[in-house]
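Structure file run05.cif (mmCIF, C-alpha atoms) is printed below.
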```
data_run
#
loop_
_atom_site.label_atom_id
_atom_site.label_comp_id
_atom_site.auth_asym_id
_atom_site.auth_seq_id
_atom_site.Cartn_x
_atom_site.Cartn_y
_atom_site.Cartn_z
CA SER A 1 -27.44 -70.58 130.98
CA LYS A 2 -25.81 -68.06 128.66
CA ARG A 3 -26.60 -64.37 128.34
CA VAL A 4 -26.42 -62.96 124.82
CA GLU A 5 -26.41 -59.20 124.35
CA GLY A 6 -26.44 -56.83 121.41
CA LEU A 7 -28.74 -58.85 119.16
CA ASP A 8 -30.73 -57.09 116.48
CA PHE A 9 -34.46 -57.57 116.12
CA GLY A 10 -35.40 -60.74 114.23
CA ARG A 11 -34.67 -64.44 114.10
CA HIS A 12 -31.42 -65.94 115.29
CA VAL A 13 -29.85 -69.37 114.91
CA PHE A 14 -27.59 -70.80 117.60
CA ARG A 15 -25.35 -73.84 117.85
CA LEU A 16 -24.55 -75.22 121.28
CA ARG A 17 -21.15 -76.65 122.16
CA GLN A 18 -20.86 -78.66 125.36
CA VAL A 19 -17.37 -78.70 126.86
CA ASP A 20 -16.74 -81.39 129.46
CA ARG A 21 -14.41 -81.00 132.43
CA ASP A 22 -12.07 -83.58 130.88
CA GLY A 23 -11.65 -81.43 127.76
CA GLY A 24 -14.00 -83.41 125.53
CA ASN A 25 -16.69 -81.53 123.68
CA GLU A 26 -19.76 -82.09 121.58
CA VAL A 27 -21.35 -79.72 119.07
CA PHE A 28 -25.11 -80.00 118.72
CA ASP A 29 -27.22 -79.29 115.63
CA GLN A 30 -28.34 -75.74 114.95
CA ARG A 31 -31.49 -74.67 116.72
CA ARG A 32 -33.73 -71.80 115.80
CA VAL A 33 -34.59 -69.76 118.84
CA GLU A 34 -37.33 -67.17 118.83
CA LEU A 35 -36.24 -64.25 120.95
CA ASN A 36 -38.37 -61.46 122.22
CA VAL A 37 -36.01 -58.70 121.12
CA ARG A 38 -37.73 -55.34 121.15
CA MET A 39 -37.33 -53.15 118.10
CA ASN A 40 -35.50 -49.91 118.82
CA ASP A 41 -36.70 -48.18 115.66
CA ALA A 42 -40.08 -47.70 113.99
CA TYR A 43 -39.02 -50.16 111.27
CA THR A 44 -36.27 -52.39 109.93
CA LEU A 45 -35.59 -53.05 106.25
CA ASP A 46 -33.02 -55.71 105.41
CA ALA A 47 -30.82 -55.72 102.32
CA VAL A 48 -32.22 -57.47 99.26
CA TYR A 49 -30.67 -60.88 98.61
CA PRO A 50 -29.22 -62.31 96.53
CA ASN A 51 -27.79 -59.10 95.20
CA PRO A 52 -27.10 -59.01 92.32
CA THR A 53 -29.85 -61.37 91.21
CA ARG A 54 -31.00 -63.01 87.98
CA ASP A 55 -34.32 -64.63 88.79
CA ARG A 56 -35.75 -64.21 92.28
CA ALA A 57 -34.89 -61.87 95.12
CA THR A 58 -36.02 -61.61 98.72
CA VAL A 59 -36.41 -58.68 101.07
CA SER A 60 -37.51 -58.68 104.73
CA PHE A 61 -38.87 -55.93 106.92
CA ALA A 62 -40.61 -55.34 110.22
CA VAL A 63 -42.51 -52.46 111.78
CA GLN A 64 -42.76 -51.70 115.46
CA GLU A 65 -46.49 -50.90 115.44
CA PRO A 66 -49.29 -52.51 113.37
CA GLN A 67 -49.94 -50.37 110.29
CA ALA A 68 -50.57 -50.24 106.56
CA VAL A 69 -47.42 -50.41 104.44
CA THR A 70 -46.51 -50.39 100.78
CA VAL A 71 -43.44 -52.17 99.46
CA ALA A 72 -42.73 -51.49 95.80
CA LEU A 73 -39.93 -51.88 93.26
CA TYR A 74 -38.79 -48.81 91.29
CA ASN A 75 -36.41 -48.35 88.38
CA THR A 76 -33.76 -45.61 88.23
CA LEU A 77 -36.25 -43.26 86.56
CA GLY A 78 -38.43 -43.45 89.67
CA GLN A 79 -41.13 -45.45 87.88
CA GLN A 80 -42.90 -48.08 89.94
CA VAL A 81 -42.44 -51.42 88.19
CA LYS A 82 -43.90 -53.83 90.74
CA VAL A 83 -45.87 -53.73 94.00
CA LEU A 84 -44.63 -56.37 96.44
CA LYS A 85 -46.98 -55.60 99.34
CA ASP A 86 -49.80 -53.15 99.86
CA GLY A 87 -51.71 -53.72 103.06
CA SER A 88 -51.63 -54.09 106.82
CA VAL A 89 -48.86 -55.79 108.76
CA ALA A 90 -48.61 -56.75 112.42
CA GLY A 91 -46.17 -54.97 114.68
CA GLY A 92 -42.98 -56.71 115.78
CA GLU A 93 -43.09 -59.50 113.20
CA THR A 94 -40.70 -59.98 110.30
CA VAL A 95 -42.36 -60.04 106.87
CA THR A 96 -40.39 -61.70 104.07
CA LEU A 97 -41.27 -60.99 100.44
CA THR A 98 -39.87 -62.75 97.38
CA PHE A 99 -40.28 -61.32 93.90
CA ASP A 100 -39.66 -62.54 90.37
CA ALA A 101 -36.93 -60.47 88.74
CA GLY A 102 -36.97 -62.61 85.57
CA PRO A 103 -39.16 -60.32 83.42
CA LEU A 104 -37.24 -57.17 84.37
CA ALA A 105 -34.43 -55.66 82.33
CA SER A 106 -30.88 -55.64 83.66
CA GLY A 107 -30.08 -52.65 85.81
CA LEU A 108 -30.36 -51.01 89.19
CA TYR A 109 -33.70 -51.05 91.02
CA PHE A 110 -34.90 -49.83 94.40
CA VAL A 111 -37.19 -51.53 96.92
CA ARG A 112 -39.05 -48.85 98.86
CA LEU A 113 -40.87 -49.54 102.12
CA ARG A 114 -43.41 -46.87 103.10
CA GLY A 115 -45.22 -46.84 106.40
CA LYS A 116 -47.24 -44.43 108.49
CA ASP A 117 -44.36 -42.11 109.39
CA PHE A 118 -41.37 -43.39 107.43
CA SER A 119 -39.93 -44.39 104.09
CA ALA A 120 -36.86 -46.58 103.55
CA THR A 121 -35.08 -47.84 100.44
CA GLU A 122 -32.72 -50.69 99.56
CA SER A 123 -31.13 -51.22 96.16
CA VAL A 124 -30.94 -54.39 94.06
CA THR A 125 -29.10 -55.04 90.81
CA ILE A 126 -30.64 -57.33 88.21
CA VAL A 127 -28.22 -58.99 85.78
CA ARG A 128 -28.85 -61.12 82.70
#
```
Using the file provided, produce a representation of the structure as structure tokens.
Amino acid sequence: SKRVEGLDFGRHVFRLRQVDRDGGNEVFDQRRVELNVRMNDAYTLDAVYPNPTRDRATVSFAVQEPQAVTVALYNTLGQQVKVLKDGSVAGGETVTLTFDAGPLASGLYFVRLRGKDFSATESVTIVR
């Protein structure tokens, strides 16, 4: 068994290497492992990727407690240009949203996550 410490909330991928007593070793395929890592904060909001983007971009978030959230995209003037999510989410589960950046003009945009008692923002640059 192996103890792993200091992991952030979310999904993790591990690769196992077996080392024999004679010095030989074997590396096994990657395995996705679901870990019950407790969130330390009320929410997490990951960076938008790819960033910069041309066509599609993805953002992931999680909230500690079940609640209604709004995730929206804003331009630099503070105008809402797209709603990515407006509704309830379960606590402790990662939600991944992908949006089409194709129709949007080049420039800097902001993804804002709003929950019951918090608001968080990540930036994304759209290039043509």
Distance in Å - CA of Arg112 in chain A versus CA of Val13 in chain A: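 Going from CA of Arg112 in chain A over to CA of Val13 in chain A, I get 27.6 Å.
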Between CA of Gln67 in chain A and CA of Asn51 in chain A - distance in Å to one decimal: 28.2 Å
Any chance you could work out the axis-aligned box around range 59-78 of chain A, listed atoms only, 3 Å on each side, giving centre and edge lengths in Å to one decimal, as JSON?
```
{"center_x": -42.2, "center_y": -51.0, "center_z": 101.0, "size_x": 22.8, "size_y": 21.4, "size_z": 34.9}
```
Residues matched by the PyMOL selection byres ((chain A and resi 69) around 12) as number ranges by chain: A: 43, 61-63, 65-68, 70-72, 83-91, 95, 112-120
Those same residues, written as a PDB file, in the frame of the given file with C-alpha atoms?
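And here's part_2.pdb as it stands now:
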```pdb
ATOM      1  CA  TYR A  43     -39.020 -50.160 111.270  1.00  0.00           C
ATOM      2  CA  PHE A  61     -38.870 -55.930 106.920  1.00  0.00           C
ATOM      3  CA  ALA A  62     -40.610 -55.340 110.220  1.00  0.00           C
ATOM      4  CA  VAL A  63     -42.510 -52.460 111.780  1.00  0.00           C
ATOM      5  CA  GLU A  65     -46.490 -50.900 115.440  1.00  0.00           C
ATOM      6  CA  PRO A  66     -49.290 -52.510 113.370  1.00  0.00           C
ATOM      7  CA  GLN A  67     -49.940 -50.370 110.290  1.00  0.00           C
ATOM      8  CA  ALA A  68     -50.570 -50.240 106.560  1.00  0.00           C
ATOM      9  CA  THR A  70     -46.510 -50.390 100.780  1.00  0.00           C
ATOM     10  CA  VAL A  71     -43.440 -52.170  99.460  1.00  0.00           C
ATOM     11  CA  ALA A  72     -42.730 -51.490  95.800  1.00  0.00           C
ATOM     12  CA  VAL A  83     -45.870 -53.730  94.000  1.00  0.00           C
ATOM     13  CA  LEU A  84     -44.630 -56.370  96.440  1.00  0.00           C
ATOM     14  CA  LYS A  85     -46.980 -55.600  99.340  1.00  0.00           C
ATOM     15  CA  ASP A  86     -49.800 -53.150  99.860  1.00  0.00           C
ATOM     16  CA  GLY A  87     -51.710 -53.720 103.060  1.00  0.00           C
ATOM     17  CA  SER A  88     -51.630 -54.090 106.820  1.00  0.00           C
ATOM     18  CA  VAL A  89     -48.860 -55.790 108.760  1.00  0.00           C
ATOM     19  CA  ALA A  90     -48.610 -56.750 112.420  1.00  0.00           C
ATOM     20  CA  GLY A  91     -46.170 -54.970 114.680  1.00  0.00           C
ATOM     21  CA  VAL A  95     -42.360 -60.040 106.870  1.00  0.00           C
ATOM     22  CA  ARG A 112     -39.050 -48.850  98.860  1.00  0.00           C
ATOM     23  CA  LEU A 113     -40.870 -49.540 102.120  1.00  0.00           C
ATOM     24  CA  ARG A 114     -43.410 -46.870 103.100  1.00  0.00           C
ATOM     25  CA  GLY A 115     -45.220 -46.840 106.400  1.00  0.00           C
ATOM     26  CA  LYS A 116     -47.240 -44.430 108.490  1.00  0.00           C
ATOM     27  CA  ASP A 117     -44.360 -42.110 109.390  1.00  0.00           C
ATOM     28  CA  PHE A 118     -41.370 -43.390 107.430  1.00  0.00           C
ATOM     29  CA  SER A 119     -39.930 -44.390 104.090  1.00  0.00           C
ATOM     30  CA  ALA A 120     -36.860 -46.580 103.550  1.00  0.00           C
TER      31      ALA A 120
END
```
Output check: residues returned by the PyMOL selection byres ((chain A and resi 122) around 10), as a count of residues only: 15
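Closest approach to Thr58 in chain A from the set A:Leu77, A:Leu104, A:Leu97, A:Ile126 is made by A:Leu97, with distances taken over only C-alpha atoms.
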Atom-to-atom span, CA of Gly92 in chain A and CA of Thr125 in chain A, Å: 28.6 Å
Result set, the PyMOL selection byres ((chain A and resi 103) around 12) on current file, as a VMD selection string: chain A and resid 54 to 56 81 to 82 99 to 102 104 to 106 126 to 128
Print the selection's residues with C-alpha atoms to a file, as a tab-separated table (two decimals), in the coordinates of the input.
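So again.tsv came out as:
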```
chain	number	residue	atom	x	y	z
A	54	ARG	CA	-31.00	-63.01	87.98
A	55	ASP	CA	-34.32	-64.63	88.79
A	56	ARG	CA	-35.75	-64.21	92.28
A	81	VAL	CA	-42.44	-51.42	88.19
A	82	LYS	CA	-43.90	-53.83	90.74
A	99	PHE	CA	-40.28	-61.32	93.90
A	100	ASP	CA	-39.66	-62.54	90.37
A	101	ALA	CA	-36.93	-60.47	88.74
A	102	GLY	CA	-36.97	-62.61	85.57
A	104	LEU	CA	-37.24	-57.17	84.37
A	105	ALA	CA	-34.43	-55.66	82.33
A	106	SER	CA	-30.88	-55.64	83.66
A	126	ILE	CA	-30.64	-57.33	88.21
A	127	VAL	CA	-28.22	-58.99	85.78
A	128	ARG	CA	-28.85	-61.12	82.70
```
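Between Gln64 in chain A and the residues A:Ala42, A:Gln79, A:Pro52, A:Val27, the shortest atom-to-atom distance, using all atoms listed in the file, involves A:Ala42.
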Output file request: range 66-111 of chain A, with N, CA and C atoms, as a CSV table (one decimal), in the first residue's frame.
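Produced file part10.csv, reproduced below:
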```
chain,number,residue,atom,x,y,z
A,66,PRO,N,-24.5,21.2,-1.5
A,66,PRO,CA,-25.5,21.4,-2.6
A,66,PRO,C,-26.1,22.8,-2.6
A,67,GLN,N,-26.2,23.4,-3.7
A,67,GLN,CA,-26.7,24.8,-3.8
A,67,GLN,C,-27.0,25.2,-5.3
A,68,ALA,N,-27.7,26.3,-5.4
A,68,ALA,CA,-27.9,26.9,-6.8
A,68,ALA,C,-26.7,27.7,-7.1
A,69,VAL,N,-26.2,27.6,-8.3
A,69,VAL,CA,-25.1,28.4,-8.8
A,69,VAL,C,-25.4,29.0,-10.2
A,70,THR,N,-24.7,30.0,-10.5
A,70,THR,CA,-24.7,30.6,-11.8
A,70,THR,C,-23.2,30.7,-12.3
A,71,VAL,N,-23.0,30.2,-13.5
A,71,VAL,CA,-21.7,30.3,-14.1
A,71,VAL,C,-21.9,31.0,-15.4
A,72,ALA,N,-21.3,32.2,-15.6
A,72,ALA,CA,-21.5,33.0,-16.8
A,72,ALA,C,-20.2,33.6,-17.3
A,73,LEU,N,-20.3,33.9,-18.6
A,73,LEU,CA,-19.1,34.5,-19.3
A,73,LEU,C,-19.4,36.0,-19.5
A,74,TYR,N,-18.4,36.8,-19.1
A,74,TYR,CA,-18.5,38.3,-19.2
A,74,TYR,C,-17.4,38.9,-20.0
A,75,ASN,N,-17.7,40.0,-20.7
A,75,ASN,CA,-16.6,40.7,-21.5
A,75,ASN,C,-15.9,41.7,-20.5
A,76,THR,N,-15.0,42.4,-21.1
A,76,THR,CA,-14.2,43.4,-20.2
A,76,THR,C,-15.1,44.6,-19.8
A,77,LEU,N,-16.2,44.8,-20.4
A,77,LEU,CA,-17.1,45.9,-20.0
A,77,LEU,C,-18.1,45.4,-18.9
A,78,GLY,N,-17.9,44.2,-18.5
A,78,GLY,CA,-18.8,43.6,-17.5
A,78,GLY,C,-20.2,43.2,-18.0
A,79,GLN,N,-20.3,43.1,-19.3
A,79,GLN,CA,-21.6,42.6,-19.9
A,79,GLN,C,-21.6,41.1,-20.0
A,80,GLN,N,-22.7,40.5,-19.5
A,80,GLN,CA,-22.8,39.0,-19.6
A,80,GLN,C,-23.0,38.7,-21.1
A,81,VAL,N,-22.2,37.8,-21.6
A,81,VAL,CA,-22.3,37.4,-23.0
A,81,VAL,C,-22.8,35.9,-23.1
A,82,LYS,N,-22.8,35.2,-22.1
A,82,LYS,CA,-23.2,33.8,-22.2
A,82,LYS,C,-23.4,33.2,-20.8
A,83,VAL,N,-24.5,32.5,-20.6
A,83,VAL,CA,-24.7,31.7,-19.3
A,83,VAL,C,-24.3,30.3,-19.6
A,84,LEU,N,-23.4,29.8,-18.8
A,84,LEU,CA,-22.9,28.4,-18.9
A,84,LEU,C,-23.7,27.4,-18.1
A,85,LYS,N,-24.2,27.9,-16.9
A,85,LYS,CA,-24.9,27.0,-16.0
A,85,LYS,C,-25.7,28.0,-15.1
A,86,ASP,N,-27.0,27.6,-14.9
A,86,ASP,CA,-27.8,28.3,-13.9
A,86,ASP,C,-28.8,27.3,-13.3
A,87,GLY,N,-28.4,26.8,-12.2
A,87,GLY,CA,-29.2,25.8,-11.5
A,87,GLY,C,-28.5,25.2,-10.4
A,88,SER,N,-29.1,24.1,-9.9
A,88,SER,CA,-28.6,23.4,-8.7
A,88,SER,C,-27.5,22.4,-9.0
A,89,VAL,N,-26.5,22.3,-8.1
A,89,VAL,CA,-25.4,21.3,-8.3
A,89,VAL,C,-25.3,20.6,-6.9
A,90,ALA,N,-24.8,19.4,-7.0
A,90,ALA,CA,-24.6,18.6,-5.8
A,90,ALA,C,-23.3,19.0,-5.1
A,91,GLY,N,-23.3,18.8,-3.9
A,91,GLY,CA,-22.0,19.1,-3.1
A,91,GLY,C,-21.0,18.0,-3.3
A,92,GLY,N,-19.7,18.5,-3.4
A,92,GLY,CA,-18.6,17.5,-3.4
A,92,GLY,C,-18.4,16.9,-4.8
A,93,GLU,N,-19.0,17.3,-5.8
A,93,GLU,CA,-18.8,16.7,-7.1
A,93,GLU,C,-18.3,17.7,-8.1
A,94,THR,N,-17.4,17.4,-8.9
A,94,THR,CA,-16.8,18.3,-9.9
A,94,THR,C,-17.8,18.4,-11.1
A,95,VAL,N,-18.1,19.6,-11.5
A,95,VAL,CA,-18.9,19.9,-12.7
A,95,VAL,C,-18.0,20.5,-13.7
A,96,THR,N,-18.1,19.9,-14.9
A,96,THR,CA,-17.2,20.4,-16.0
A,96,THR,C,-18.2,21.0,-17.1
A,97,LEU,N,-17.9,22.2,-17.5
A,97,LEU,CA,-18.7,22.9,-18.5
A,97,LEU,C,-17.8,23.2,-19.7
A,98,THR,N,-18.3,23.0,-20.9
A,98,THR,CA,-17.6,23.4,-22.1
A,98,THR,C,-18.4,24.4,-22.9
A,99,PHE,N,-17.8,25.4,-23.4
A,99,PHE,CA,-18.6,26.4,-24.1
A,99,PHE,C,-17.9,26.7,-25.5
A,100,ASP,N,-18.8,27.2,-26.4
A,100,ASP,CA,-18.4,27.5,-27.8
A,100,ASP,C,-17.9,28.9,-27.8
A,101,ALA,N,-16.6,29.1,-28.0
A,101,ALA,CA,-16.1,30.5,-28.1
A,101,ALA,C,-16.0,31.0,-29.5
A,102,GLY,N,-16.4,30.2,-30.5
A,102,GLY,CA,-16.4,30.5,-31.9
A,102,GLY,C,-17.1,31.8,-32.3
A,103,PRO,N,-18.3,32.1,-31.8
A,103,PRO,CA,-19.0,33.3,-32.2
A,103,PRO,C,-18.5,34.5,-31.5
A,104,LEU,N,-17.7,34.4,-30.5
A,104,LEU,CA,-17.2,35.6,-29.7
A,104,LEU,C,-16.0,36.3,-30.4
A,105,ALA,N,-16.0,37.6,-30.2
A,105,ALA,CA,-14.9,38.4,-30.7
A,105,ALA,C,-13.6,38.1,-29.9
A,106,SER,N,-12.5,38.3,-30.6
A,106,SER,CA,-11.2,38.2,-29.9
A,106,SER,C,-11.2,39.1,-28.7
A,107,GLY,N,-10.5,38.7,-27.6
A,107,GLY,CA,-10.4,39.5,-26.5
A,107,GLY,C,-10.3,38.7,-25.2
A,108,LEU,N,-10.3,39.5,-24.1
A,108,LEU,CA,-10.3,38.9,-22.7
A,108,LEU,C,-11.7,38.8,-22.2
A,109,TYR,N,-12.0,37.6,-21.6
A,109,TYR,CA,-13.3,37.4,-21.0
A,109,TYR,C,-13.1,36.8,-19.6
A,110,PHE,N,-14.2,36.8,-18.9
A,110,PHE,CA,-14.1,36.3,-17.5
A,110,PHE,C,-15.3,35.3,-17.3
A,111,VAL,N,-14.9,34.2,-16.7
A,111,VAL,CA,-15.9,33.2,-16.3
A,111,VAL,C,-16.1,33.4,-14.8
```
